[in-house]
file coords38.pdb (PDB, C-alpha atoms, pLDDT in the B column)
ATOM      1  CA  MET N   8      34.326 -42.994 -28.958  1.00 69.00           C
ATOM      2  CA  THR N   9      30.552 -43.489 -29.173  1.00 90.00           C
ATOM      3  CA  VAL N  10      29.222 -46.413 -27.148  1.00 96.00           C
ATOM      4  CA  THR N  11      26.509 -48.721 -28.479  1.00 97.00           C
ATOM      5  CA  VAL N  12      23.701 -49.521 -26.031  1.00 96.00           C
ATOM      6  CA  ALA N  13      21.547 -52.632 -26.517  1.00 96.00           C
ATOM      7  CA  ALA N  14      18.194 -53.018 -24.738  1.00 95.00           C
ATOM      8  CA  LEU N  15      16.961 -56.571 -25.229  1.00 96.00           C
ATOM      9  CA  TYR N  16      14.492 -59.146 -24.011  1.00 96.00           C
ATOM     10  CA  ARG N  17      12.884 -62.407 -25.001  1.00 96.00           C
ATOM     11  CA  PHE N  18      10.262 -64.531 -23.296  1.00 95.00           C
ATOM     12  CA  ALA N  19      11.492 -68.100 -23.814  1.00 95.00           C
ATOM     13  CA  SER N  20      11.799 -71.319 -21.839  1.00 95.00           C
ATOM     14  CA  LEU N  21      15.134 -71.258 -19.988  1.00 96.00           C
ATOM     15  CA  PRO N  22      14.846 -73.818 -17.181  1.00 96.00           C
ATOM     16  CA  ASP N  23      18.653 -74.003 -17.229  1.00 97.00           C
ATOM     17  CA  CYS N  24      19.045 -70.269 -16.593  1.00 97.00           C
ATOM     18  CA  ALA N  25      21.298 -70.694 -13.532  1.00 98.00           C
ATOM     19  CA  ALA N  26      23.803 -72.718 -15.550  1.00 98.00           C
ATOM     20  CA  LEU N  27      23.838 -70.058 -18.274  1.00 98.00           C
ATOM     21  CA  VAL N  28      24.969 -67.206 -16.021  1.00 98.00           C
ATOM     22  CA  ALA N  29      28.681 -68.108 -16.041  1.00 98.00           C
ATOM     23  CA  PRO N  30      29.147 -68.469 -19.828  1.00 98.00           C
ATOM     24  CA  VAL N  31      27.212 -65.252 -20.479  1.00 98.00           C
ATOM     25  CA  MET N  32      29.250 -63.397 -17.864  1.00 98.00           C
ATOM     26  CA  GLU N  33      32.503 -64.698 -19.333  1.00 98.00           C
ATOM     27  CA  LEU N  34      31.519 -63.709 -22.857  1.00 98.00           C
ATOM     28  CA  CYS N  35      30.462 -60.194 -21.879  1.00 98.00           C
ATOM     29  CA  ALA N  36      33.612 -59.672 -19.813  1.00 98.00           C
ATOM     30  CA  ALA N  37      35.794 -60.832 -22.700  1.00 98.00           C
ATOM     31  CA  LEU N  38      34.051 -58.369 -25.009  1.00 98.00           C
ATOM     32  CA  GLY N  39      34.409 -55.445 -22.596  1.00 98.00           C
ATOM     33  CA  ILE N  40      30.648 -55.123 -22.210  1.00 98.00           C
ATOM     34  CA  ARG N  41      29.026 -53.553 -19.144  1.00 98.00           C
ATOM     35  CA  GLY N  42      25.438 -53.362 -17.959  1.00 97.00           C
ATOM     36  CA  THR N  43      22.935 -55.874 -16.628  1.00 97.00           C
ATOM     37  CA  LEU N  44      21.487 -59.087 -18.041  1.00 98.00           C
ATOM     38  CA  LEU N  45      18.839 -61.061 -16.163  1.00 98.00           C
ATOM     39  CA  LEU N  46      18.160 -64.727 -16.891  1.00 98.00           C
ATOM     40  CA  ALA N  47      15.098 -66.549 -15.590  1.00 97.00           C
ATOM     41  CA  PRO N  48      13.051 -69.627 -16.453  1.00 96.00           C
ATOM     42  CA  GLU N  49      10.853 -67.299 -18.523  1.00 95.00           C
ATOM     43  CA  GLY N  50      13.642 -65.740 -20.626  1.00 96.00           C
ATOM     44  CA  ILE N  51      16.220 -62.953 -20.798  1.00 98.00           C
ATOM     45  CA  ASN N  52      16.102 -59.203 -20.192  1.00 97.00           C
ATOM     46  CA  GLY N  53      18.650 -56.452 -19.875  1.00 96.00           C
ATOM     47  CA  THR N  54      20.520 -53.434 -21.140  1.00 96.00           C
ATOM     48  CA  VAL N  55      24.233 -53.571 -21.934  1.00 97.00           C
ATOM     49  CA  ALA N  56      26.756 -51.308 -23.596  1.00 97.00           C
ATOM     50  CA  GLY N  57      30.087 -51.593 -25.349  1.00 98.00           C
ATOM     51  CA  GLU N  58      31.870 -51.041 -28.629  1.00 97.00           C
ATOM     52  CA  ALA N  59      29.634 -51.603 -31.651  1.00 97.00           C
ATOM     53  CA  ALA N  60      31.562 -54.697 -32.762  1.00 97.00           C
ATOM     54  CA  ALA N  61      31.361 -56.176 -29.258  1.00 98.00           C
ATOM     55  CA  ILE N  62      27.589 -55.681 -29.077  1.00 98.00           C
ATOM     56  CA  ASP N  63      27.204 -57.231 -32.535  1.00 98.00           C
ATOM     57  CA  ARG N  64      29.228 -60.224 -31.382  1.00 97.00           C
ATOM     58  CA  LEU N  65      27.176 -60.628 -28.223  1.00 98.00           C
ATOM     59  CA  ILE N  66      23.843 -60.510 -30.069  1.00 97.00           C
ATOM     60  CA  ALA N  67      25.110 -62.996 -32.641  1.00 97.00           C
ATOM     61  CA  ARG N  68      26.103 -65.434 -29.888  1.00 96.00           C
ATOM     62  CA  LEU N  69      22.860 -65.041 -27.944  1.00 97.00           C
ATOM     63  CA  THR N  70      20.647 -65.633 -30.976  1.00 96.00           C
ATOM     64  CA  GLY N  71      22.863 -67.842 -33.123  1.00 92.00           C
ATOM     65  CA  GLY N  72      22.824 -71.269 -31.499  1.00 89.00           C
ATOM     66  CA  TRP N  73      25.481 -70.866 -28.790  1.00 93.00           C
ATOM     67  CA  VAL N  74      24.471 -72.072 -25.263  1.00 95.00           C
ATOM     68  CA  PHE N  75      20.882 -70.967 -25.896  1.00 96.00           C
ATOM     69  CA  GLY N  76      20.326 -72.928 -29.092  1.00 95.00           C
ATOM     70  CA  ASP N  77      17.518 -71.218 -30.999  1.00 95.00           C
ATOM     71  CA  ARG N  78      15.583 -70.196 -27.883  1.00 96.00           C
ATOM     72  CA  LEU N  79      16.429 -66.502 -28.209  1.00 97.00           C
ATOM     73  CA  ALA N  80      15.685 -66.265 -31.928  1.00 94.00           C
ATOM     74  CA  GLY N  81      13.417 -63.298 -32.563  1.00 92.00           C
ATOM     75  CA  MET N  82      14.705 -61.479 -29.482  1.00 95.00           C
ATOM     76  CA  GLU N  83      13.376 -57.936 -29.109  1.00 95.00           C
ATOM     77  CA  LEU N  84      16.377 -55.649 -29.572  1.00 95.00           C
ATOM     78  CA  LYS N  85      16.769 -51.892 -29.602  1.00 94.00           C
ATOM     79  CA  LEU N  86      20.141 -50.275 -30.316  1.00 94.00           C
ATOM     80  CA  SER N  87      21.015 -46.706 -29.407  1.00 93.00           C
ATOM     81  CA  THR N  88      24.182 -44.774 -28.612  1.00 93.00           C
ATOM     82  CA  ALA N  89      25.747 -42.930 -25.705  1.00 93.00           C
ATOM     83  CA  ALA N  90      28.520 -40.355 -25.640  1.00 92.00           C
ATOM     84  CA  VAL N  91      30.195 -42.169 -22.735  1.00 93.00           C
ATOM     85  CA  MET N  92      29.829 -45.595 -21.143  1.00 95.00           C
ATOM     86  CA  PRO N  93      26.515 -45.440 -19.204  1.00 94.00           C
ATOM     87  CA  PHE N  94      27.292 -48.378 -16.871  1.00 96.00           C
ATOM     88  CA  GLY N  95      29.930 -48.756 -14.201  1.00 94.00           C
ATOM     89  CA  ARG N  96      30.140 -52.539 -14.197  1.00 97.00           C
ATOM     90  CA  LEU N  97      28.786 -55.813 -15.568  1.00 98.00           C
ATOM     91  CA  LYS N  98      26.093 -57.881 -13.836  1.00 98.00           C
ATOM     92  CA  VAL N  99      24.629 -61.172 -15.052  1.00 98.00           C
ATOM     93  CA  LYS N 100      22.124 -62.740 -12.671  1.00 98.00           C
ATOM     94  CA  ALA N 101      19.640 -65.597 -12.473  1.00 98.00           C
ATOM     95  CA  LYS N 102      16.238 -64.459 -11.227  1.00 96.00           C
ATOM     96  CA  ARG N 103      12.773 -65.886 -10.709  1.00 95.00           C
ATOM     97  CA  GLU N 104      11.395 -63.532 -13.393  1.00 96.00           C
ATOM     98  CA  ILE N 105      13.039 -61.277 -15.965  1.00 96.00           C
ATOM     99  CA  VAL N 106      10.555 -58.579 -14.944  1.00 94.00           C
ATOM    100  CA  ALA N 107       9.061 -58.953 -11.470  1.00 93.00           C
ATOM    101  CA  PHE N 108       5.279 -59.257 -11.642  1.00 95.00           C
ATOM    102  CA  ASP N 109       3.572 -62.280 -10.077  1.00 93.00           C
ATOM    103  CA  GLY N 110       6.279 -64.837  -9.450  1.00 90.00           C
ATOM    104  CA  GLY N 111       6.160 -66.259 -12.955  1.00 88.00           C
ATOM    105  CA  VAL N 112       2.466 -67.215 -13.010  1.00 93.00           C
ATOM    106  CA  THR N 113       1.724 -65.058 -16.059  1.00 93.00           C
ATOM    107  CA  ASP N 114       3.418 -66.550 -19.133  1.00 90.00           C
ATOM    108  CA  PRO N 115       3.563 -64.315 -22.244  1.00 92.00           C
ATOM    109  CA  SER N 116       5.088 -67.164 -24.258  1.00 86.00           C
ATOM    110  CA  ARG N 117       1.795 -69.035 -23.897  1.00 87.00           C
ATOM    111  CA  ARG N 118      -0.693 -66.280 -24.696  1.00 90.00           C
ATOM    112  CA  VAL N 119      -0.330 -62.546 -25.161  1.00 93.00           C
ATOM    113  CA  GLY N 120      -2.189 -59.522 -26.499  1.00 95.00           C
ATOM    114  CA  THR N 121      -1.929 -58.098 -30.004  1.00 97.00           C
ATOM    115  CA  TYR N 122       1.359 -56.457 -31.002  1.00 97.00           C
ATOM    116  CA  VAL N 123       0.976 -53.013 -32.569  1.00 98.00           C
ATOM    117  CA  ALA N 124       3.712 -51.621 -34.809  1.00 97.00           C
ATOM    118  CA  PRO N 125       4.879 -48.067 -34.014  1.00 98.00           C
ATOM    119  CA  ALA N 126       3.540 -46.893 -37.396  1.00 98.00           C
ATOM    120  CA  ASP N 127       0.035 -48.021 -36.387  1.00 98.00           C
ATOM    121  CA  TRP N 128       0.110 -46.804 -32.798  1.00 98.00           C
ATOM    122  CA  ASN N 129      -1.163 -43.248 -33.318  1.00 98.00           C
ATOM    123  CA  ALA N 130      -4.385 -44.363 -34.976  1.00 98.00           C
ATOM    124  CA  LEU N 131      -5.083 -46.873 -32.202  1.00 98.00           C
ATOM    125  CA  ILE N 132      -4.601 -44.517 -29.264  1.00 98.00           C
ATOM    126  CA  ALA N 133      -6.394 -41.612 -30.994  1.00 97.00           C
ATOM    127  CA  ASP N 134      -9.584 -43.697 -31.198  1.00 97.00           C
ATOM    128  CA  PRO N 135     -11.876 -42.545 -28.349  1.00 96.00           C
ATOM    129  CA  GLY N 136     -12.887 -46.162 -27.750  1.00 96.00           C
ATOM    130  CA  THR N 137      -9.324 -47.119 -26.752  1.00 98.00           C
ATOM    131  CA  VAL N 138      -8.195 -47.067 -23.121  1.00 98.00           C
ATOM    132  CA  VAL N 139      -4.475 -46.167 -23.231  1.00 98.00           C
ATOM    133  CA  ILE N 140      -2.400 -47.259 -20.234  1.00 98.00           C
ATOM    134  CA  ASP N 141       1.222 -46.502 -19.370  1.00 98.00           C
ATOM    135  CA  THR N 142       2.463 -49.642 -17.584  1.00 98.00           C
ATOM    136  CA  ARG N 143       5.613 -47.978 -16.253  1.00 97.00           C
ATOM    137  CA  ASN N 144       6.137 -46.590 -12.764  1.00 96.00           C
ATOM    138  CA  ALA N 145       4.928 -43.147 -11.718  1.00 95.00           C
ATOM    139  CA  PHE N 146       8.338 -41.445 -11.751  1.00 94.00           C
ATOM    140  CA  GLU N 147       8.883 -42.612 -15.348  1.00 95.00           C
ATOM    141  CA  VAL N 148       5.469 -41.332 -16.398  1.00 96.00           C
ATOM    142  CA  ALA N 149       6.303 -37.944 -14.826  1.00 95.00           C
ATOM    143  CA  ILE N 150       9.228 -37.549 -17.252  1.00 94.00           C
ATOM    144  CA  GLY N 151       7.203 -38.293 -20.380  1.00 96.00           C
ATOM    145  CA  THR N 152       4.243 -40.241 -21.753  1.00 97.00           C
ATOM    146  CA  PHE N 153       1.714 -40.381 -24.607  1.00 97.00           C
ATOM    147  CA  GLU N 154      -1.088 -37.839 -24.797  1.00 91.00           C
ATOM    148  CA  GLY N 155      -4.170 -39.069 -22.989  1.00 93.00           C
ATOM    149  CA  ALA N 156      -2.528 -42.136 -21.393  1.00 97.00           C
ATOM    150  CA  ARG N 157      -3.622 -43.268 -17.953  1.00 98.00           C
ATOM    151  CA  ASP N 158      -1.008 -43.383 -15.197  1.00 97.00           C
ATOM    152  CA  PRO N 159      -1.648 -46.324 -12.828  1.00 97.00           C
ATOM    153  CA  GLY N 160       0.481 -44.559 -10.208  1.00 96.00           C
ATOM    154  CA  THR N 161       2.585 -47.620  -9.459  1.00 96.00           C
ATOM    155  CA  VAL N 162       5.865 -47.703  -7.574  1.00 96.00           C
ATOM    156  CA  SER N 163       6.711 -51.183  -8.846  1.00 96.00           C
ATOM    157  CA  PHE N 164       5.419 -53.148 -11.821  1.00 96.00           C
ATOM    158  CA  GLY N 165       3.912 -55.823  -9.583  1.00 94.00           C
ATOM    159  CA  GLU N 166       1.351 -53.250  -8.435  1.00 97.00           C
ATOM    160  CA  PHE N 167      -0.207 -53.253 -11.899  1.00 97.00           C
ATOM    161  CA  ARG N 168      -2.382 -56.235 -10.969  1.00 96.00           C
ATOM    162  CA  ASP N 169      -3.980 -54.273  -8.115  1.00 97.00           C
ATOM    163  CA  TYR N 170      -4.514 -51.339 -10.468  1.00 97.00           C
ATOM    164  CA  ALA N 171      -6.231 -53.596 -13.016  1.00 97.00           C
ATOM    165  CA  THR N 172      -8.546 -55.020 -10.358  1.00 97.00           C
ATOM    166  CA  ARG N 173      -9.380 -51.570  -9.001  1.00 97.00           C
ATOM    167  CA  ALA N 174      -9.642 -49.478 -12.142  1.00 98.00           C
ATOM    168  CA  LEU N 175     -10.380 -51.728 -15.124  1.00 98.00           C
ATOM    169  CA  ASP N 176     -13.459 -53.754 -16.084  1.00 98.00           C
ATOM    170  CA  PRO N 177     -13.639 -56.217 -19.015  1.00 97.00           C
ATOM    171  CA  ALA N 178     -17.288 -55.333 -19.587  1.00 97.00           C
ATOM    172  CA  ARG N 179     -16.558 -51.604 -19.805  1.00 97.00           C
ATOM    173  CA  ASP N 180     -12.976 -51.363 -21.061  1.00 97.00           C
ATOM    174  CA  ARG N 181     -13.385 -53.314 -24.269  1.00 96.00           C
ATOM    175  CA  ARG N 182     -10.234 -52.134 -26.050  1.00 98.00           C
ATOM    176  CA  ILE N 183      -6.991 -51.535 -24.149  1.00 98.00           C
ATOM    177  CA  ALA N 184      -3.645 -50.348 -25.532  1.00 98.00           C
ATOM    178  CA  MET N 185      -0.561 -50.487 -23.315  1.00 98.00           C
ATOM    179  CA  PHE N 186       3.035 -49.384 -23.641  1.00 98.00           C
ATOM    180  CA  CYS N 187       6.318 -49.316 -21.707  1.00 97.00           C
ATOM    181  CA  THR N 188       9.975 -48.502 -22.341  1.00 96.00           C
ATOM    182  CA  GLY N 189      11.086 -51.440 -24.488  1.00 94.00           C
ATOM    183  CA  GLY N 190       8.024 -53.682 -24.620  1.00 94.00           C
ATOM    184  CA  ILE N 191       8.647 -56.222 -21.866  1.00 96.00           C
ATOM    185  CA  ARG N 192       6.348 -54.841 -19.170  1.00 96.00           C
ATOM    186  CA  CYS N 193       3.420 -54.125 -21.481  1.00 95.00           C
ATOM    187  CA  GLU N 194       3.843 -57.588 -23.032  1.00 95.00           C
ATOM    188  CA  LYS N 195       3.523 -59.252 -19.630  1.00 96.00           C
ATOM    189  CA  ALA N 196       0.686 -56.921 -18.620  1.00 97.00           C
ATOM    190  CA  SER N 197      -1.157 -57.730 -21.826  1.00 97.00           C
ATOM    191  CA  ALA N 198      -0.827 -61.456 -21.152  1.00 96.00           C
ATOM    192  CA  TYR N 199      -2.255 -60.871 -17.680  1.00 97.00           C
ATOM    193  CA  LEU N 200      -5.257 -58.876 -18.932  1.00 97.00           C
ATOM    194  CA  VAL N 201      -5.999 -61.469 -21.612  1.00 97.00           C
ATOM    195  CA  GLU N 202      -6.088 -64.092 -18.847  1.00 95.00           C
ATOM    196  CA  GLN N 203      -8.471 -61.858 -16.884  1.00 96.00           C
ATOM    197  CA  GLY N 204     -10.955 -61.866 -19.742  1.00 96.00           C
ATOM    198  CA  PHE N 205     -10.393 -58.481 -21.362  1.00 97.00           C
ATOM    199  CA  PRO N 206     -11.633 -58.913 -24.943  1.00 96.00           C
ATOM    200  CA  GLU N 207      -9.218 -56.707 -26.900  1.00 97.00           C
ATOM    201  CA  VAL N 208      -5.732 -56.060 -25.538  1.00 98.00           C
ATOM    202  CA  HIS N 209      -2.964 -54.385 -27.554  1.00 98.00           C
ATOM    203  CA  HIS N 210       0.610 -53.438 -26.710  1.00 97.00           C
ATOM    204  CA  LEU N 211       3.234 -51.357 -28.500  1.00 97.00           C
ATOM    205  CA  LYS N 212       5.833 -53.620 -30.118  1.00 96.00           C
ATOM    206  CA  GLY N 213       9.323 -52.570 -29.137  1.00 95.00           C
ATOM    207  CA  GLY N 214       7.896 -50.063 -26.684  1.00 96.00           C
ATOM    208  CA  ILE N 215       8.494 -46.343 -26.524  1.00 97.00           C
ATOM    209  CA  LEU N 216      12.061 -46.754 -27.767  1.00 95.00           C
ATOM    210  CA  ALA N 217      10.868 -48.267 -31.052  1.00 96.00           C
ATOM    211  CA  TYR N 218       8.254 -45.527 -31.404  1.00 97.00           C
ATOM    212  CA  LEU N 219      10.759 -42.712 -30.814  1.00 96.00           C
ATOM    213  CA  GLU N 220      13.126 -44.281 -33.311  1.00 95.00           C
ATOM    214  CA  GLN N 221      10.603 -44.964 -36.082  1.00 96.00           C
ATOM    215  CA  VAL N 222       7.893 -42.289 -35.871  1.00 97.00           C
ATOM    216  CA  PRO N 223       8.852 -38.816 -37.149  1.00 96.00           C
ATOM    217  CA  GLU N 224       8.726 -36.138 -34.457  1.00 95.00           C
ATOM    218  CA  ARG N 225       6.252 -34.071 -36.489  1.00 96.00           C
ATOM    219  CA  GLU N 226       3.766 -36.986 -36.317  1.00 97.00           C
ATOM    220  CA  SER N 227       4.515 -38.003 -32.742  1.00 97.00           C
ATOM    221  CA  LEU N 228       1.985 -38.134 -29.913  1.00 97.00           C
ATOM    222  CA  TRP N 229       4.759 -38.604 -27.370  1.00 97.00           C
ATOM    223  CA  ARG N 230       5.444 -35.771 -24.939  1.00 96.00           C
ATOM    224  CA  GLY N 231       8.585 -35.388 -22.834  1.00 94.00           C
ATOM    225  CA  GLY N 232      11.447 -37.836 -22.437  1.00 94.00           C
ATOM    226  CA  CYS N 233      11.636 -41.604 -22.059  1.00 95.00           C
ATOM    227  CA  PHE N 234      13.408 -42.613 -18.870  1.00 93.00           C
ATOM    228  CA  VAL N 235      16.067 -45.282 -19.363  1.00 92.00           C
ATOM    229  CA  PHE N 236      17.764 -47.256 -16.620  1.00 85.00           C
ATOM    230  CA  ASP N 237      21.323 -46.125 -17.294  1.00 87.00           C
ATOM    231  CA  GLY N 238      23.514 -43.057 -17.052  1.00 81.00           C
ATOM    232  CA  ARG N 239      21.798 -41.293 -19.956  1.00 84.00           C
ATOM    233  CA  VAL N 240      18.648 -40.761 -17.827  1.00 84.00           C
ATOM    234  CA  ALA N 241      16.217 -40.060 -20.694  1.00 92.00           C
ATOM    235  CA  LEU N 242      15.938 -40.303 -24.470  1.00 93.00           C
ATOM    236  CA  GLY N 243      13.906 -38.290 -26.943  1.00 93.00           C
ATOM    237  CA  HIS N 244      12.914 -38.607 -30.585  1.00 93.00           C
ATOM    238  CA  GLY N 245      15.526 -40.375 -32.650  1.00 92.00           C
ATOM    239  CA  LEU N 246      16.743 -41.922 -29.365  1.00 92.00           C
ATOM    240  CA  ALA N 247      18.809 -38.806 -28.698  1.00 90.00           C
ATOM    241  CA  GLU N 248      20.038 -38.263 -25.141  1.00 88.00           C
ATOM    242  CA  MET N 249      18.086 -35.610 -23.230  1.00 84.00           C
ATOM    243  CA  PRO N 250      19.128 -35.843 -19.549  1.00 63.00           C
ATOM    244  CA  GLU N 251      17.755 -32.369 -18.876  1.00 58.00           C
ATOM    245  CA  THR N 252      14.261 -33.856 -19.069  1.00 48.00           C
ATOM    246  CA  ALA N 253      14.727 -35.514 -15.690  1.00 44.00           C
ATOM    247  CA  GLU N 254      15.975 -32.455 -13.805  1.00 49.00           C
ATOM    248  CA  GLY N 255      13.832 -31.753 -10.801  1.00 45.00           C
ATOM    249  CA  ILE N 256      12.288 -35.238 -10.805  1.00 44.00           C
ATOM    250  CA  GLY N 257      12.855 -37.329  -7.689  1.00 42.00           C
ATOM    251  CA  LEU N 258      14.429 -40.450  -9.182  1.00 43.00           C
ATOM    252  CA  PRO N 259      14.892 -43.623  -7.150  1.00 42.00           C
TER     253      PRO N 259
END
call {"tool": "encode", "arguments": {"input": "coords38.pdb", "output": "structure tokens"}}
result
Amino acid sequence: MTVTVAALYRFASLPDCAALVAPVMELCAALGIRGTLLLAPEGINGTVAGEAAAIDRLIARLTGGWVFGDRLAGMELKLSTAAVMPFGRLKVKAKREIVAFDGGVTDPSRRVGTYVAPADWNALIADPGTVVIDTRNAFEVAIGTFEGARDPGTVSFGEFRDYATRALDPARDRRIAMFCTGGIRCEKASAYLVEQGFPEVHHLKGGILAYLEQVPERESLWRGGCFVFDGRVALGHGLAEMPETAEGIGLP
């Protein structure tokens, strides 16, 4: 049976995140869902898998007024499939941030860069005046990235701030376009650069996964595979599994 995989996130005010862990864990367990969901005062993030009907039920509860009210409405969601269950167990945790960066100082729900739809991404990054930055970690970039994108060479996302200080200049780098796997890291990075005074900051809405799903391969500027944090290892165009892409790469 094919398994449905849901990658999701939403920056939203969840000061009660610790109290939400138990009901979310109970719901996922009852639905037979595995994977990881992180809750923090800034929102929700995670990737989970299960039967299609179970994933539909989970998403409906998260966004439909349950213990979250309407706080997760508009949640970024990307669905794909796996031949077998890609997770061994279920984890639901309360964290300081849903993606570790600067301890929660940067708040994308307050101010963020400009979202760019996958259909408009090629034109933006093909413009020679655009600085294209891959906000993922170096081992992910080694598996696949967009043509001409800069690799910050980070081991963890929190190192992006040091990279920005060292390698970027608001006076010189007037237009920046960033991307990541599902959109969460480039959204937070864009909020950070906006706060640092960069005049024009863009980020790919829905991330690489949305691009690979929506942009035809014949028009694609993506090269290689997109690393995903589950048993499938990497995905290609159409979100098809391509674990062979990661062979020979030293994964953490």
call {"tool": "residues_near_point", "arguments": {"input": "coords38.pdb", "point": "(7.5, -60.6, -11.1)", "cutoff": "12 Å", "atoms": "all atoms listed in the file", "output": "NGL selection string"}}
result
:N and (47-49 or 102-114 or 163-168 or 191-192 or 195-196 or 199)
call {"tool": "closest_residue", "arguments": {"input": "coords38.pdb", "among": "N:Phe75, N:Tyr16, N:Phe146, N:Trp128", "to": "Val240 in chain N", "atoms": "only C-alpha atoms"}}
result
N:Phe146
call {"tool": "closest_residue", "arguments": {"input": "coords38.pdb", "among": "N:Cys233, N:Ala80, N:Leu46, N:Ile51", "to": "Asp141 in chain N", "atoms": "all atoms listed in the file"}}
result
N:Cys233
call {"tool": "closest_residue", "arguments": {"input": "coords38.pdb", "among": "N:Ala13, N:Arg41, N:Ala101, N:Arg239", "to": "Asp63 in chain N", "atoms": "only C-alpha atoms"}}
result
N:Ala13
call {"tool": "resolve_selection", "arguments": {"input": "coords38.pdb", "expression": "the PyMOL selection byres ((chain N and resi 230) around 6)", "output": "VMD selection string"}}
result
chain N and resid 151 to 153 229 231
call {"tool": "axis_aligned_box", "arguments": {"input": "coords38.pdb", "around": "range 172-188 of chain N", "padding_each_side": "6 Å", "output": "AutoDock Vina command-line options"}}
result
--center_x -3.7 --center_y -52.4 --center_z -17.5 --size_x 39.3 --size_y 19.7 --size_z 29.0
call {"tool": "resolve_selection", "arguments": {"input": "coords38.pdb", "expression": "the PyMOL selection byres ((chain N and resi 19) around 8)", "output": "PyMOL selection string"}}
result
chain N and resi 17-18+20-21+48-51+78-79+116
call {"tool": "resolve_selection", "arguments": {"input": "coords38.pdb", "expression": "the PyMOL selection byres ((chain N and resi 35) around 12)", "output": "PyMOL selection string"}}
result
chain N and resi 28-34+36-44+55-58+61-66+68-69+96-99
call {"tool": "atom_distance", "arguments": {"input": "coords38.pdb", "atom1": "CA of Ala59 in chain N", "atom2": "CA of His210 in chain N"}}
result
29.5 Å
call {"tool": "closest_residue", "arguments": {"input": "coords38.pdb", "among": "N:Val74, N:Leu27, N:Ala67, N:Met185", "to": "Asp158 in chain N", "atoms": "all atoms listed in the file"}}
result
N:Met185
call {"tool": "closest_residue", "arguments": {"input": "coords38.pdb", "among": "N:Gly76, N:Pro206, N:Gly95, N:Pro223", "to": "Gly243 in chain N", "atoms": "all atoms listed in the file"}}
result
N:Pro223
call {"tool": "closest_residue", "arguments": {"input": "coords38.pdb", "among": "N:Arg117, N:Lys100, N:Arg181, N:Lys85", "to": "Ala198 in chain N", "atoms": "all atoms listed in the file"}}
result
N:Arg117
call {"tool": "atom_distance", "arguments": {"input": "coords38.pdb", "atom1": "CA of Ser227 in chain N", "atom2": "CA of Glu147 in chain N"}}
result
18.5 Å
call {"tool": "atom_distance", "arguments": {"input": "coords38.pdb", "atom1": "CA of His209 in chain N", "atom2": "CA of Arg182 in chain N"}}
result
7.8 Å
call {"tool": "build_atoms", "arguments": {"input": "coords38.pdb", "residues": "range 40-51 of chain N", "atoms": "N, CA and C atoms", "output": "PDB file, keeping the file's coordinate frame"}}
result
ATOM      1  N   ILE N  40      32.022 -55.614 -22.306  1.00 98.00           N
ATOM      2  CA  ILE N  40      30.648 -55.123 -22.210  1.00 98.00           C
ATOM      3  C   ILE N  40      30.266 -54.910 -20.749  1.00 98.00           C
ATOM      4  N   ARG N  41      29.540 -53.831 -20.479  1.00 98.00           N
ATOM      5  CA  ARG N  41      29.026 -53.553 -19.144  1.00 98.00           C
ATOM      6  C   ARG N  41      27.504 -53.422 -19.205  1.00 98.00           C
ATOM      7  N   GLY N  42      26.886 -53.455 -18.029  1.00 97.00           N
ATOM      8  CA  GLY N  42      25.438 -53.362 -17.959  1.00 97.00           C
ATOM      9  C   GLY N  42      24.877 -54.531 -17.184  1.00 97.00           C
ATOM     10  N   THR N  43      23.604 -54.817 -17.382  1.00 97.00           N
ATOM     11  CA  THR N  43      22.935 -55.874 -16.628  1.00 97.00           C
ATOM     12  C   THR N  43      22.151 -56.786 -17.559  1.00 97.00           C
ATOM     13  N   LEU N  44      22.301 -58.094 -17.355  1.00 98.00           N
ATOM     14  CA  LEU N  44      21.487 -59.087 -18.041  1.00 98.00           C
ATOM     15  C   LEU N  44      20.864 -59.987 -16.982  1.00 98.00           C
ATOM     16  N   LEU N  45      19.563 -60.180 -17.075  1.00 98.00           N
ATOM     17  CA  LEU N  45      18.839 -61.061 -16.163  1.00 98.00           C
ATOM     18  C   LEU N  45      18.377 -62.299 -16.916  1.00 98.00           C
ATOM     19  N   LEU N  46      18.613 -63.456 -16.334  1.00 98.00           N
ATOM     20  CA  LEU N  46      18.160 -64.727 -16.891  1.00 98.00           C
ATOM     21  C   LEU N  46      17.179 -65.352 -15.909  1.00 98.00           C
ATOM     22  N   ALA N  47      16.112 -65.919 -16.430  1.00 97.00           N
ATOM     23  CA  ALA N  47      15.098 -66.549 -15.590  1.00 97.00           C
ATOM     24  C   ALA N  47      14.467 -67.689 -16.375  1.00 97.00           C
ATOM     25  N   PRO N  48      13.722 -68.555 -15.712  1.00 96.00           N
ATOM     26  CA  PRO N  48      13.051 -69.627 -16.453  1.00 96.00           C
ATOM     27  C   PRO N  48      12.157 -69.120 -17.570  1.00 96.00           C
ATOM     28  N   GLU N  49      11.730 -67.849 -17.488  1.00 95.00           N
ATOM     29  CA  GLU N  49      10.853 -67.299 -18.523  1.00 95.00           C
ATOM     30  C   GLU N  49      11.589 -66.567 -19.634  1.00 95.00           C
ATOM     31  N   GLY N  50      12.933 -66.385 -19.533  1.00 96.00           N
ATOM     32  CA  GLY N  50      13.642 -65.740 -20.626  1.00 96.00           C
ATOM     33  C   GLY N  50      14.811 -64.876 -20.214  1.00 96.00           C
ATOM     34  N   ILE N  51      15.078 -63.843 -20.999  1.00 98.00           N
ATOM     35  CA  ILE N  51      16.220 -62.953 -20.798  1.00 98.00           C
ATOM     36  C   ILE N  51      15.769 -61.502 -20.919  1.00 98.00           C
TER      37      ILE N  51
END
